[in-house]
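Okay, so here's the structure we're looking at.
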Amino acid sequence: MVKEVRTSIAQQVTVWCLSVCFHSLLTYGYHITLDIFKWSLNLLLVTFPSKIIAMSDEIFTDRHVRLTAHDVAQLEKQNSRLVDGFKAEMLERNAQKNWDLFYKRNETRFFKDRHWTTREFAELIGHTDERRTLLEIGCGVGNLVYPLVEEGMNFYFYACDFSPRAVTLFKEHPSYDPDRMCAFQTDVTKEELTDHIKANSVDVVTLVFVLSAIHPEKFETVLRNVKNVLKPGGIVLLRDYGLNDMAQIRFKPGHKIAENLYMRQDGTR
Ligand SMILES: C[S@@+](CC[C@H](N)C(=O)[O-])C[C@H]1O[C@@H](n2cnc3c(N)ncnc32)[C@H](O)[C@@H]1O
């Protein structure tokens, strides 16, 4: 599911690509598509002075998966009642509040521990005894970090989330160890990660089911924010929903905000 992409493109091409990307982002606005997201990521791959692990083309070939007539009808039905502009604006404005309420309701019970990360992201394992630094963005209550601690991964962990309740729950975990981890509250679409973490100091950044919770119009800001804390040679690990996967097809009318952007019943996206 992942492939390693090494920085190898000439600087001039990078600058040209970046300017085209900016233009596209501005033009498409709210209707930015997953294609543009993929393109932006690939642009970042060649722009960062780093090695980035990104989703391979395979994951994007979902669009070529033959949808059944029922799937197509379901997707079309979603357009019969879109989330109106006012509500979409409120969802954006209340994104933090809605996630915080989510953690008030569910506490640590909702997400399962991510025990697959070292299997799917072999890069987490590392090749030296030297302690590396990992930043988990949108850490929730620690379902990615604590399994890595259990597995004995030699990282100093930074973990951030914009939900204050999630950060509190993260810190209440029995394995929370302030000597080797730091959890803090921040909105990565608005605040600088460098307010909490030294620039160019992080070896691995993880974003697991986080970009799907963020409006695509803000991806560029988020990825720039990530870039600022990433070491040269650092890596970014992503996992998220796929285009036309079951989670997308199952949404009923009244949940679609824009192309490939949906709200759940509780207002989270
Ligand atoms: C689907 S959960 C995933 C949690 C965790 N990564 C995991 O794999 O279990 C998405 C998380 O992203 C956080 N999040 C969403 N938007 C964010 C933002 N702009 N800044 C920081 N965290 C954000 C939410 O509060 C939530 O905890």
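In the structure tokens, chains take letters A, B, ... by order of appearance, with residues numbered from 1 within each chain and ligands from 1 in the order shown.
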
Contacts between ligand 1 and chain A, please, where a residue of chain A counts if it comes within 6 Å (with only C-alpha atoms and all ligand atoms); show its shortest atom pair and distance in Å to one decimal, rows by chain and ascending number, as a Markdown table.
| residue | atom | partner | partner_atom_place_in_ligand_line | distance |
| --- | --- | --- | --- | --- |
| A:Trp99 | CA | ligand 1 | 25 (O) | 4.9 |
| A:Phe111 | CA | ligand 1 | 9 (O) | 5.5 |
| A:Gly138 | CA | ligand 1 | 12 (O) | 3.6 |
| A:Cys139 | CA | ligand 1 | 6 (N) | 4.5 |
| A:Gly140 | CA | ligand 1 | 27 (O) | 3.6 |
| A:Asn143 | CA | ligand 1 | 9 (O) | 4.8 |
| A:Leu144 | CA | ligand 1 | 8 (O) | 5.7 |
| A:Asp161 | CA | ligand 1 | 22 (N) | 3.8 |
| A:Phe162 | CA | ligand 1 | 21 (C) | 4.0 |
| A:Ser163 | CA | ligand 1 | 25 (O) | 4.9 |
| A:Thr186 | CA | ligand 1 | 21 (C) | 5.7 |
| A:Asp187 | CA | ligand 1 | 20 (N) | 3.6 |
| A:Val188 | CA | ligand 1 | 20 (N) | 4.2 |
| A:Thr189 | CA | ligand 1 | 19 (N) | 4.9 |
| A:Val208 | CA | ligand 1 | 6 (N) | 4.5 |
| A:Phe209 | CA | ligand 1 | 1 (C) | 4.8 |
| A:Val210 | CA | ligand 1 | 10 (C) | 4.5 |
| A:Ala213 | CA | ligand 1 | 15 (C) | 5.0 |
| A:Ile214 | CA | ligand 1 | 16 (N) | 5.3 |

> What's the 12 Å shell around Lys112 (chain A), counting only C-alpha atoms, without same-chain residues fewer than 3 positions away, as a ChimeraX atom specification?
Replying inline: /A:108-109,115-116,140-147

Those selected residues, please, written with N, CA and C atoms and delivered as a compact mmCIF listing (two decimals), in the first residue's frame.
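Result written to selection.txt:
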# COMPACT_ATOMS: atom_id res chain seq x y z
N THR A 108 -12.25 6.74 25.56
CA THR A 108 -11.24 5.93 24.84
C THR A 108 -11.86 4.72 24.15
N ARG A 109 -13.22 4.69 24.08
CA ARG A 109 -13.86 3.44 23.65
C ARG A 109 -14.02 3.29 22.14
N HIS A 115 -2.65 -1.80 15.71
CA HIS A 115 -1.55 -2.74 15.89
C HIS A 115 -0.88 -3.12 14.57
N TRP A 116 -1.35 -2.51 13.48
CA TRP A 116 -0.83 -2.88 12.16
C TRP A 116 0.28 -1.94 11.67
N GLY A 140 -5.68 11.65 18.70
CA GLY A 140 -6.81 11.10 19.45
C GLY A 140 -6.35 10.71 20.84
N VAL A 141 -6.74 9.51 21.27
CA VAL A 141 -6.41 9.09 22.64
C VAL A 141 -5.17 8.19 22.67
N GLY A 142 -4.49 8.08 21.51
CA GLY A 142 -3.20 7.36 21.51
C GLY A 142 -3.24 5.98 20.90
N ASN A 143 -4.24 5.71 20.04
CA ASN A 143 -4.36 4.36 19.49
C ASN A 143 -3.22 3.98 18.53
N LEU A 144 -2.48 4.99 18.07
CA LEU A 144 -1.31 4.67 17.25
C LEU A 144 -0.04 4.65 18.10
N VAL A 145 0.08 5.64 18.98
CA VAL A 145 1.33 5.79 19.75
C VAL A 145 1.54 4.64 20.74
N TYR A 146 0.51 4.31 21.54
CA TYR A 146 0.74 3.35 22.62
C TYR A 146 1.09 1.93 22.14
N PRO A 147 0.49 1.45 21.04
CA PRO A 147 0.97 0.16 20.52
C PRO A 147 2.45 0.21 20.12

>> as a PyMOL selection string, please: the residues near Gly267 (chain A) (cut-off 12 Å, only C-alpha atoms, same-chain neighbours under 5 positions excluded).
In response: chain A and resi 83+87-102+213+254-257+262

> Neighbours of Lys198 (chain A) within 12 Å (only C-alpha atoms; same-chain residues fewer than 2 positions away dropped), as a ChimeraX atom specification?
Replying inline: /A:133,135,158,192-196,200-203,226-231

Keeping only N, CA and C atoms, write those residues as a compact mmCIF listing (two decimals), in the first residue's frame.
# COMPACT_ATOMS: atom_id res chain seq x y z
N THR A 133 12.58 10.63 16.49
CA THR A 133 11.44 11.42 16.95
C THR A 133 10.26 11.20 16.02
N LEU A 135 6.19 12.31 15.31
CA LEU A 135 5.06 13.21 15.60
C LEU A 135 3.79 12.58 15.05
N TYR A 158 6.01 12.94 19.93
CA TYR A 158 5.15 14.10 20.06
C TYR A 158 3.78 13.65 19.57
N GLU A 192 1.08 26.96 14.33
CA GLU A 192 2.36 26.43 13.88
C GLU A 192 2.84 25.30 14.79
N LEU A 193 3.20 24.19 14.19
CA LEU A 193 3.78 23.09 14.98
C LEU A 193 5.11 23.52 15.60
N THR A 194 5.78 24.45 14.94
CA THR A 194 7.08 24.92 15.47
C THR A 194 6.92 25.70 16.78
N ASP A 195 5.68 26.04 17.17
CA ASP A 195 5.48 26.63 18.50
C ASP A 195 5.73 25.59 19.60
N HIS A 196 5.69 24.32 19.21
CA HIS A 196 5.83 23.23 20.20
C HIS A 196 7.06 22.36 19.95
N ASN A 200 12.70 21.36 11.83
CA ASN A 200 13.58 20.35 11.20
C ASN A 200 14.11 19.30 12.18
N SER A 201 13.26 18.85 13.08
CA SER A 201 13.78 17.94 14.12
C SER A 201 13.08 16.57 14.16
N VAL A 202 12.01 16.41 13.37
CA VAL A 202 11.21 15.18 13.49
C VAL A 202 11.59 14.18 12.38
N ASP A 203 11.79 12.91 12.78
CA ASP A 203 12.14 11.88 11.80
C ASP A 203 10.92 11.34 11.07
N VAL A 226 3.66 20.56 8.50
CA VAL A 226 4.42 19.32 8.71
C VAL A 226 5.86 19.50 8.22
N LYS A 227 5.98 20.06 7.05
CA LYS A 227 7.30 20.23 6.44
C LYS A 227 8.24 21.01 7.37
N ASN A 228 7.69 22.00 8.07
CA ASN A 228 8.54 22.85 8.91
C ASN A 228 9.18 22.10 10.07
N VAL A 229 8.54 21.04 10.56
CA VAL A 229 9.14 20.32 11.69
C VAL A 229 9.92 19.09 11.24
N LEU A 230 9.71 18.71 9.97
CA LEU A 230 10.34 17.48 9.47
C LEU A 230 11.83 17.70 9.20
N LYS A 231 12.63 16.73 9.63
CA LYS A 231 14.07 16.76 9.35
C LYS A 231 14.31 16.57 7.85

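Separating CA of Val204 (chain A) from CA of Gln248 (chain A) is a distance of 28.8 Å.
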
> What is the distance between CA of Asp84 (chain A) and CA of Asp266 (chain A), in Å to one decimal?
Replying inline: 16.3 Å

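Put simply, CA of Asp129 (chain A) is 25.9 Å away from CA of His173 (chain A).
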
>> Taking only region 72-188 of chain A into account, list the residues labelled helix (DSSP H, G or I) by DSSP (computed from the backbone), as number ranges by chain.
In response: A: 72-78, 85-93, 95-106, 117-120, 122-124, 145-150, 164-172

>> So that I can check the secondary structure, give me every residue of region 169-253 of chain A assigned strand (DSSP E) by backbone DSSP, as number ranges by chain.
In response: A: 181-185, 202-208, 230-239

> Any idea what's packed within 12 Å of region 64-78 of chain A, counting only C-alpha atoms, ignoring anything in its chain fewer than 5 positions away? Could you give it as a list in words?
Replying inline: Asp57, Glu58, Ile59, Val83, Gly242, Leu243, Asn244, Asp245, Met246, Ala247, Gln248, Ile249, Arg250, Phe251, Lys252, Pro253, Gly254, His255, Lys256, Ile257, Ala258, Glu259, Asn260, Leu261, Tyr262 and Met263 of chain A

>> Just want the 12 Å neighbourhood of region 149-151 of chain A, counted on only C-alpha atoms, with same-chain residues fewer than 4 positions away dropped. Output as a PyMOL selection string.
In response: chain A and resi 113-119+124-125+134+142-145+155-157+173-177+180-181

Output C-alpha atoms of each residue in that selection to a file, as an mmCIF file, in the first residue's frame.
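Now in part_13.cif:
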data_model
loop_
_atom_site.group_PDB
_atom_site.id
_atom_site.type_symbol
_atom_site.label_atom_id
_atom_site.label_comp_id
_atom_site.auth_asym_id
_atom_site.auth_seq_id
_atom_site.Cartn_x
_atom_site.Cartn_y
_atom_site.Cartn_z
ATOM 1 C CA ASP A 113 -5.457 0.302 18.885
ATOM 2 C CA ARG A 114 -3.610 0.420 15.579
ATOM 3 C CA HIS A 115 -1.548 -2.744 15.892
ATOM 4 C CA TRP A 116 -0.830 -2.879 12.159
ATOM 5 C CA THR A 117 1.431 0.137 11.849
ATOM 6 C CA THR A 118 4.838 -1.561 11.980
ATOM 7 C CA ARG A 119 3.567 -4.200 9.564
ATOM 8 C CA LEU A 124 8.796 2.756 11.613
ATOM 9 C CA ILE A 125 11.174 -0.018 12.589
ATOM 10 C CA LEU A 134 7.888 10.695 15.824
ATOM 11 C CA GLY A 142 -3.200 7.363 21.506
ATOM 12 C CA ASN A 143 -4.357 4.361 19.486
ATOM 13 C CA LEU A 144 -1.308 4.666 17.245
ATOM 14 C CA VAL A 145 1.330 5.789 19.749
ATOM 15 C CA PHE A 155 11.036 6.951 19.589
ATOM 16 C CA TYR A 156 10.572 10.200 21.417
ATOM 17 C CA PHE A 157 6.881 10.828 20.718
ATOM 18 C CA HIS A 173 -3.124 6.500 29.512
ATOM 19 C CA PRO A 174 -1.230 4.262 31.969
ATOM 20 C CA SER A 175 1.770 4.210 29.608
ATOM 21 C CA TYR A 176 2.011 7.984 29.295
ATOM 22 C CA ASP A 177 5.616 8.848 30.122
ATOM 23 C CA ARG A 180 9.694 10.151 26.369
ATOM 24 C CA MET A 181 6.542 11.821 25.071
#
